[in-house]
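S.K.: I am attaching a structure below and will ask some questions about it afterwards.
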Amino acid sequence: MTDTEQGNQTSVREFILLGFGDLIDLQILLFLLFLVVYIVTVAGNILIVALVVADQHLHTPMYFFLGNLSCLETCYTSTILPRMLASFLTGDRTISVSGCITQFYFFGFLVTVECYLLSAMSYDRYLAICKPLNYAAIMNNAVCSQLAAGSWMTGFLVSIIIIFLMSQLTFCGPSIIDHFFCDFTPIIKLSCSDTHRMELVTFMLTFITTLPPFLLTMATYVYIISTILRIPSTTGKKKAFSTCSSHLIVVTIFYGAIMIVYLLPKTDTLRDLKKVFSVLYTVLTPLVNPLIYSLRNKEVKEALRKVIRKCGFHKNVAN
């Protein structure tokens, strides 16, 4: 597990992810539970992507971004759950240092992209509700492509910088991470190098890249809700709110869980609570996204009905 370096100093080659190891009697049950969650998550998000690509009625900016989000969620859950499932099944909780850093890279990359995609989706809903006459002119194919590409590129660049700095660190022990995946703070705590510069750079990059999309998302919904409240008819209010309610639910779950995990004080009392909320935004959010969008969007349900009819099944999807 270690390589001898200068003097008595050793370099750790593997970390131990404790995960939910304290629930020894529930390992098989947890394995089955998270296996079902993983299968349903991947299947649901791939289905959303397939529907968006195949159905001409879903070739709109809102569903273009939804397709990107579903693709992201498939990658997101695949970054964390397969390793967790293997741990439940085999009892092997070790992960190489390079594997841990790689997992954190994809985690950080995809979280950053999700922040920007959710922001782009909220901007799309803002234009659709608050600026309907200018919507088609502003949110054209070129703008949609630029917003999506910018989201992915930002996540890639920010994560590359952080991972480059992290790869320069030396880990001398201990090697235990009390988490179910490799996150920034648990990794940094195990380093015997000076991490102040890296923590400062990471804080600045995180602040610069995640605060603006969060504020934009919040601002757009302030305008959206104020615009909806000014609609005179109840029917008009319901129709307008129905176009953004799914996205608002997803945003609330995602940002709510992240704030609880990263903004609450770092104490032993809250450690297990944070682990639970980490499950919420890393595992459950990718699971519920396709359910929320498919159950609350008439266009998605209609596209699903068409697919079912083409496959020879004649049962209607419940309204």
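Naming works like this for the structure tokens: A, B, ... for the chains as they're shown, residue 1 at the start of each chain, ligands 1 onward in shown order.
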Which of segment 178-300 of chain A end up as alpha helix (DSSP H) when DSSP is run on this backbone - answer as a VMD selection string?

M.R.: chain A and resid 184 to 189 196 to 229 234 to 242 245 to 263 268 to 279 285 to 296 298 to 300

S.K.: Write out as a PyMOL selection string each polymer residue whose atoms come within 10 Å of Lys189 of chain A, counting only C-alpha atoms; drop sequence neighbours fewer than 6 positions from it.

M.R.: chain A and resi 171+173-177+195

S.K.: Produce a file of the selected residues containing C-alpha atoms, as an mmCIF file, in the first residue's frame.

M.R.:
data_model
loop_
_atom_site.group_PDB
_atom_site.id
_atom_site.type_symbol
_atom_site.label_atom_id
_atom_site.label_comp_id
_atom_site.auth_asym_id
_atom_site.auth_seq_id
_atom_site.Cartn_x
_atom_site.Cartn_y
_atom_site.Cartn_z
ATOM 1 C CA PHE A 171 -0.023 11.344 0.411
ATOM 2 C CA GLY A 173 -1.041 8.508 5.433
ATOM 3 C CA PRO A 174 -3.491 8.015 6.957
ATOM 4 C CA SER A 175 -5.310 6.481 4.000
ATOM 5 C CA ILE A 176 -8.920 6.284 5.209
ATOM 6 C CA ILE A 177 -11.665 8.364 3.537
ATOM 7 C CA THR A 195 -2.298 22.387 0.401
#

S.K.: Would you please work out which residue, of A:Thr282, A:Thr210, A:Ser119, A:Ser167, is nearest to Leu248 of chain A when using only C-alpha atoms?

M.R.: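 Among the listed residues, the smallest separation from Leu248 of chain A belongs to A:Ser119.
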
S.K.: What does the structure give for the distance between atom CA of Val251 of chain A and atom CA of Asp183 of chain A, in Å to one decimal?

M.R.: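 Going from atom CA of Val251 of chain A over to atom CA of Asp183 of chain A covers 21.3 Å.
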
S.K.: Arg13 of chain A: which residues within 12 Å, counting only C-alpha atoms, same-chain residues fewer than 4 positions away excluded, as an MDAnalysis selection string?

M.R.: chainID A and resid 1:4 94:101 170:176 190:191

S.K.: Name all residues at most 12 Å from Ala86 of chain A (count only C-alpha atoms; drop same-chain ones fewer than 4 positions away) and give them as a list in words.

M.R.: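 Once the adjacent positions are removed, what remains is Leu17, Gly19, Gln27, Ile28, Leu30, Phe31, Leu32, Phe34, Leu35, Ile80, Leu81, Pro82, Thr90, Gly91, Asp92, Arg93, Thr94, Ile95 and Phe180 of chain A.
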
S.K.: Just to be explicit: take each residue in the selection above, keep N, CA and C atoms, and write the result as a PDB file, in the first residue's frame.

M.R.:
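For reference, part19.pdb as written:
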ATOM      1  N   LEU A  17     -12.052   3.654   1.077  1.00  0.00           N
ATOM      2  CA  LEU A  17     -13.330   4.367   1.128  1.00  0.00           C
ATOM      3  C   LEU A  17     -14.250   3.627   2.099  1.00  0.00           C
ATOM      4  N   GLY A  19     -17.271   4.377   3.028  1.00  0.00           N
ATOM      5  CA  GLY A  19     -18.633   4.292   2.511  1.00  0.00           C
ATOM      6  C   GLY A  19     -19.636   4.083   3.617  1.00  0.00           C
ATOM      7  N   GLN A  27     -25.163  -4.868   3.876  1.00  0.00           N
ATOM      8  CA  GLN A  27     -24.379  -4.717   2.656  1.00  0.00           C
ATOM      9  C   GLN A  27     -25.081  -5.307   1.428  1.00  0.00           C
ATOM     10  N   ILE A  28     -25.644  -6.503   1.552  1.00  0.00           N
ATOM     11  CA  ILE A  28     -26.336  -7.134   0.422  1.00  0.00           C
ATOM     12  C   ILE A  28     -27.587  -6.349   0.058  1.00  0.00           C
ATOM     13  N   LEU A  30     -28.113  -3.155   0.614  1.00  0.00           N
ATOM     14  CA  LEU A  30     -27.677  -1.900  -0.005  1.00  0.00           C
ATOM     15  C   LEU A  30     -27.209  -2.137  -1.441  1.00  0.00           C
ATOM     16  N   PHE A  31     -26.527  -3.249  -1.660  1.00  0.00           N
ATOM     17  CA  PHE A  31     -26.085  -3.590  -3.015  1.00  0.00           C
ATOM     18  C   PHE A  31     -27.288  -3.704  -3.953  1.00  0.00           C
ATOM     19  N   LEU A  32     -28.307  -4.450  -3.538  1.00  0.00           N
ATOM     20  CA  LEU A  32     -29.498  -4.637  -4.377  1.00  0.00           C
ATOM     21  C   LEU A  32     -30.235  -3.320  -4.597  1.00  0.00           C
ATOM     22  N   PHE A  34     -28.991  -0.149  -4.469  1.00  0.00           N
ATOM     23  CA  PHE A  34     -28.264   0.760  -5.350  1.00  0.00           C
ATOM     24  C   PHE A  34     -28.117   0.193  -6.764  1.00  0.00           C
ATOM     25  N   LEU A  35     -28.139  -1.128  -6.898  1.00  0.00           N
ATOM     26  CA  LEU A  35     -28.117  -1.729  -8.237  1.00  0.00           C
ATOM     27  C   LEU A  35     -29.392  -1.383  -9.000  1.00  0.00           C
ATOM     28  N   ILE A  80     -19.821   7.163  -9.886  1.00  0.00           N
ATOM     29  CA  ILE A  80     -19.828   6.839  -8.458  1.00  0.00           C
ATOM     30  C   ILE A  80     -20.402   5.455  -8.147  1.00  0.00           C
ATOM     31  N   LEU A  81     -21.550   5.114  -8.750  1.00  0.00           N
ATOM     32  CA  LEU A  81     -22.250   3.902  -8.329  1.00  0.00           C
ATOM     33  C   LEU A  81     -21.539   2.584  -8.645  1.00  0.00           C
ATOM     34  N   PRO A  82     -20.934   2.389  -9.821  1.00  0.00           N
ATOM     35  CA  PRO A  82     -20.271   1.095 -10.076  1.00  0.00           C
ATOM     36  C   PRO A  82     -19.209   0.762  -9.026  1.00  0.00           C
ATOM     37  N   THR A  90     -18.025  -7.175  -2.974  1.00  0.00           N
ATOM     38  CA  THR A  90     -16.768  -7.866  -2.677  1.00  0.00           C
ATOM     39  C   THR A  90     -16.205  -7.553  -1.303  1.00  0.00           C
ATOM     40  N   GLY A  91     -16.641  -6.437  -0.725  1.00  0.00           N
ATOM     41  CA  GLY A  91     -16.081  -6.014   0.550  1.00  0.00           C
ATOM     42  C   GLY A  91     -14.756  -5.285   0.412  1.00  0.00           C
ATOM     43  N   ASP A  92     -14.267  -5.154  -0.821  1.00  0.00           N
ATOM     44  CA  ASP A  92     -13.003  -4.450  -1.066  1.00  0.00           C
ATOM     45  C   ASP A  92     -13.274  -2.955  -1.167  1.00  0.00           C
ATOM     46  N   ARG A  93     -12.795  -2.206  -0.194  1.00  0.00           N
ATOM     47  CA  ARG A  93     -13.059  -0.762  -0.155  1.00  0.00           C
ATOM     48  C   ARG A  93     -11.866   0.059  -0.613  1.00  0.00           C
ATOM     49  N   THR A  94     -10.820  -0.595  -1.074  1.00  0.00           N
ATOM     50  CA  THR A  94      -9.627   0.141  -1.494  1.00  0.00           C
ATOM     51  C   THR A  94      -9.815   0.736  -2.882  1.00  0.00           C
ATOM     52  N   ILE A  95      -9.169   1.863  -3.106  1.00  0.00           N
ATOM     53  CA  ILE A  95      -9.136   2.514  -4.411  1.00  0.00           C
ATOM     54  C   ILE A  95      -7.755   3.164  -4.550  1.00  0.00           C
ATOM     55  N   PHE A 180     -18.301   7.716   0.584  1.00  0.00           N
ATOM     56  CA  PHE A 180     -18.520   6.627  -0.377  1.00  0.00           C
ATOM     57  C   PHE A 180     -17.976   6.960  -1.766  1.00  0.00           C
TER      58      PHE A 180
END

S.K.: Between A:Leu200, A:Met84, A:Met139, A:Ala148, which residue has the minimum interatomic distance to Gly67 of chain A, considering only C-alpha atoms?

M.R.: A:Ala148
